Amino acid sequence: MSFDPKRRDLLKLSAVTGGVLAMSDVWPDDAEAGQAAATQAASAADAQDVPEPIDVVLRVNGREHRLALDPRTTLLDALREHLNLTGSKKGCGLGQCGACTVLMDGKRVKSCLSLAALADGRDVTTIEGLAPGGPLHPLQTAFIERDAFQCGYCTPGQIMAGVACIEEGHAGSADEIREWMSGNICRCGAYDNIVAAIQDATRVAAPARKG
Amino acid sequence: MHPFTLERPRDLGTALGSGAQSGRTDASVEYIAGGTDMVQLLQEGVLRPNRLVSLAGLLDHRIEMNDRGLRLGAAATMADVAAHPAVVQQFPVIAEALLASASPQVRNQATMGGNLLQRTRCPYFRDVGYTACNKRMPGSGCAAIDGDNRWHAVLGTSDQCIAVHPSDLAVALVALDATLEVRSANGQRTMALTDLHRLPGDTPHIEAALQPGEAIAAIFVPASPAARRSHYLKLRTRASFEFALVSVAVALNMNGQRISEARVALGGVGTKPWRVPAVESALSGMTLGSADVRTAAMRASQGAQGRGYNDFKIELMQRAIVRAIETAGARA
């Protein structure tokens, strides 16, 4: 819907500048009127179809948020669109790419495959909550030092999955890391450096765990 | 997503009274548990229920082992079952099948019951842009039969549907004679896992033999010496995070180098998890490493029908069976 004004502007502009439209019998005003009627009809249908909001309490990065959400809202969309935590990324929206990875009760999950209303009462940690206000998490530092990204879009998900991978004890070798990080796709192909960064951070984490 | 109301009942009885129907594409009321497959199906518009009933927190998630066998609560996650010491030691085929499934994130979310009831990955089913899919729209045809059917089934197919059942877990469990505890508002019944999934026949849109309101509450796997010497072999085009082209679950009871009892089930080739009793009976009494094992494995393909791009599966499944048996047999 947000594209409609732009389309209308484009049509007007075309008419003013002498009309580059091939369909010269469609005048801007006709198009506008027709589109407005269609928009009205569509929003009436939408209004009928939009389900009642559902009350949800989300605990994210230690803070509690009370929301009223369309039941179709995924946890990822709730984080990004309602809590303005845009660190978690929307890649495929179908659980295939891992860009949306967050921790739920300390375990890594794909937030795009979780309905927000069913995360009610669970503890969610996003990339924003990994090292709040303090020095970077060792894996964040390792990603910078190892240049473990190019475009950076998959990086928050890679880091959250990597943190869990180390915590779980699945970072014992490069092969093991590759297997246990297979839920996170990097379109730029920075895999070698991602594996190296996780290995670096594992070495930092290991003495701490023993102590 | 098609609009739905989301119900979060406080007790199982209320949920079971909802009339939610699992395993039917035309259901207007559906359960949701871990949600990893359901949310995808909703996002893609493949399923369009009006009501979604959450089972979160209502079903047993315990993993218990006693002399009789292993009981997996339906809400146990794939990750928890795969890591459980009793599963790893007594039922390695289950742990291996789970670890070869999905991704670590999905395994933290997805449940046992949901895994068994996940829907086929047939691209013609999953993409509503295709108009011909009898499983999604009864009577519309099957785009896969003359289409890109490299992934599709060669066993248990009909001229209505050749979609493959995608669960690795189900293949392992079928090999081990697992049974299901099914709950409804009226009580409880036990069914063999082999009876859960239906052949497509003329009604491919009805996948599970569950009545309205019924939910899988637990899985029971009987203990056996064969279960301890078991193995899951999964062949796929990527090394990880990929569905099977062909997979084999094998459990063996050995007398020295001789097979006294074999259980073999196949994934990636059937419209449901596919047990091959003809192979099992042929293997009985054979010696590991003998050429006879390959002859026995050939029986798996009885009745197999390739559709072009998936013809290779007919020989591949035989070879996979041989390798899985040799691997399981070599285990102490």
# chains A, B, ... in the order shown; residues from 1 in each chain; ligands from 1

$ interface_residues --of "chain B" --to "chain A" --cutoff "10 Å" --atoms "only C-alpha atoms" --output "ChimeraX atom specification"
/B:1-8,32-44,50,52,54-57,99-100,102-110,239-242

$ residues_around --residues "Val174 in chain B" --least-positions-apart "3" --cutoff "12 Å" --atoms "only C-alpha atoms" --output "number ranges by chain"
B: 93-94, 97, 116, 167-171, 177-180, 192-197, 219-222, 227, 248-251, 263-267, 272-277

$ closest_residue --among "A:Asn61, A:Asn193, A:Asn84, A:Thr202" --to "Glu145 in chain A" --atoms "only C-alpha atoms"
A:Asn193

$ atom_distance --atom1 "CA of Ile185 in chain A" --atom2 "CA of Ser101 in chain B"
16.3 Å

$ select_by_dssp --residues "range 254-309 of chain B" --states "strand (DSSP E or B)" --output "short mmCIF file (atom, residue, chain, number, x, y, z; two decimals) with N, CA and C atoms, in the first residue's frame"
data_model
loop_
_atom_site.label_atom_id
_atom_site.label_comp_id
_atom_site.auth_asym_id
_atom_site.auth_seq_id
_atom_site.Cartn_x
_atom_site.Cartn_y
_atom_site.Cartn_z
N MET B 254 23.15 -59.72 16.41
CA MET B 254 24.22 -60.51 15.80
C MET B 254 24.57 -61.73 16.66
N ASN B 255 24.96 -62.78 15.95
CA ASN B 255 25.52 -63.95 16.60
C ASN B 255 26.90 -64.12 15.99
N ARG B 258 27.32 -63.48 12.24
CA ARG B 258 26.05 -63.79 11.57
C ARG B 258 24.91 -62.91 12.08
N ILE B 259 24.10 -62.49 11.12
CA ILE B 259 22.93 -61.67 11.46
C ILE B 259 21.82 -62.62 11.91
N SER B 260 21.39 -62.49 13.18
CA SER B 260 20.27 -63.33 13.60
C SER B 260 18.94 -62.61 13.41
N GLU B 261 18.99 -61.30 13.46
CA GLU B 261 17.76 -60.54 13.24
C GLU B 261 18.14 -59.18 12.67
N ALA B 262 17.43 -58.76 11.63
CA ALA B 262 17.70 -57.45 11.05
C ALA B 262 16.40 -56.68 10.92
N ARG B 263 16.50 -55.40 11.20
CA ARG B 263 15.36 -54.51 10.94
C ARG B 263 15.86 -53.39 10.04
N VAL B 264 15.13 -53.14 8.99
CA VAL B 264 15.58 -52.16 8.00
C VAL B 264 14.40 -51.29 7.58
N ALA B 265 14.60 -49.99 7.64
CA ALA B 265 13.58 -49.05 7.15
C ALA B 265 14.25 -47.98 6.31
N LEU B 266 13.50 -47.44 5.36
CA LEU B 266 14.05 -46.51 4.40
C LEU B 266 13.36 -45.15 4.46
N GLY B 267 14.16 -44.11 4.24
CA GLY B 267 13.62 -42.76 4.11
C GLY B 267 14.01 -42.18 2.77
N GLY B 270 10.07 -43.37 0.06
CA GLY B 270 8.68 -43.79 0.20
C GLY B 270 7.75 -42.63 0.51
N TRP B 274 9.38 -46.23 5.35
CA TRP B 274 9.20 -47.48 4.60
C TRP B 274 10.00 -48.64 5.19
N ARG B 275 9.32 -49.53 5.86
CA ARG B 275 9.97 -50.73 6.39
C ARG B 275 10.05 -51.76 5.27
N THR B 287 26.00 -63.80 6.76
CA THR B 287 27.24 -63.38 7.38
C THR B 287 27.60 -61.99 6.87
#

$ atom_distance --atom1 "CA of Gly285 in chain B" --atom2 "CA of Glu326 in chain B"
14.4 Å

$ residues_around --residues "Gly172 in chain A" --least-positions-apart "4" --cutoff "9 Å" --atoms "only C-alpha atoms" --output "PyMOL selection string"
chain A and resi 166+176-177+199+202

$ closest_residue --among "B:Gly45, B:Pro166, B:Gly303, B:Gly213" --to "Arg119 in chain B" --atoms "only C-alpha atoms"
B:Pro166

$ closest_residue --among "B:Gln118, B:Asn66, B:Thr203, B:Asn186" --to "Pro138 in chain B" --atoms "only C-alpha atoms"
B:Thr203

$ atom_distance --atom1 "CA of Ala218 in chain B" --atom2 "CA of Ser22 in chain B"
15.4 Å

$ closest_residue --among "B:Cys161, B:Val154, B:Ile63, B:Ile325" --to "Gly268 in chain B" --atoms "only C-alpha atoms"
B:Val154

$ select_by_dssp --residues "range 138-305 of chain B" --states "helix (DSSP H, G or I)" --output "PyMOL selection string"
chain B and resi 168-175+193-195+225-228+277-283+292-301

$ residues_around --residues "Met65 in chain B" --least-positions-apart "2" --cutoff "10 Å" --atoms "only C-alpha atoms" --output "PyMOL selection string"
chain B and resi 62-63+67-72+86-87+90+220-223

$ closest_residue --among "B:Ile216, B:Leu316, B:Leu98, B:Ala332" --to "Leu173 in chain B" --atoms "only C-alpha atoms"
B:Leu98

$ closest_residue --among "B:Pro204, B:Gly113, B:Gly17, B:Gly289" --to "Cys142 in chain B" --atoms "only C-alpha atoms"
B:Pro204

$ residues_around --residues "Pro85 in chain B" --least-positions-apart "6" --cutoff "10 Å" --atoms "only C-alpha atoms" --output "mmCIF file with C-alpha atoms, in the first residue's frame"
data_model
loop_
_atom_site.group_PDB
_atom_site.id
_atom_site.type_symbol
_atom_site.label_atom_id
_atom_site.label_comp_id
_atom_site.auth_asym_id
_atom_site.auth_seq_id
_atom_site.Cartn_x
_atom_site.Cartn_y
_atom_site.Cartn_z
ATOM 1 C CA PHE B 91 19.096 -46.438 20.591
ATOM 2 C CA PRO B 92 21.918 -44.874 18.526
ATOM 3 C CA ALA B 95 20.170 -40.060 18.031
#

$ residues_around --residues "Arg66 in chain A" --least-positions-apart "4" --cutoff "7 Å" --atoms "only C-alpha atoms" --output "PDB file with C-alpha atoms, in the first residue's frame"
ATOM      1  CA  VAL A  56       1.863 -11.046  24.968  1.00  0.00           C
ATOM      2  CA  VAL A  57       4.548 -10.505  27.575  1.00  0.00           C
ATOM      3  CA  LEU A  58       7.991 -10.722  25.992  1.00  0.00           C
TER       4      LEU A  58
END
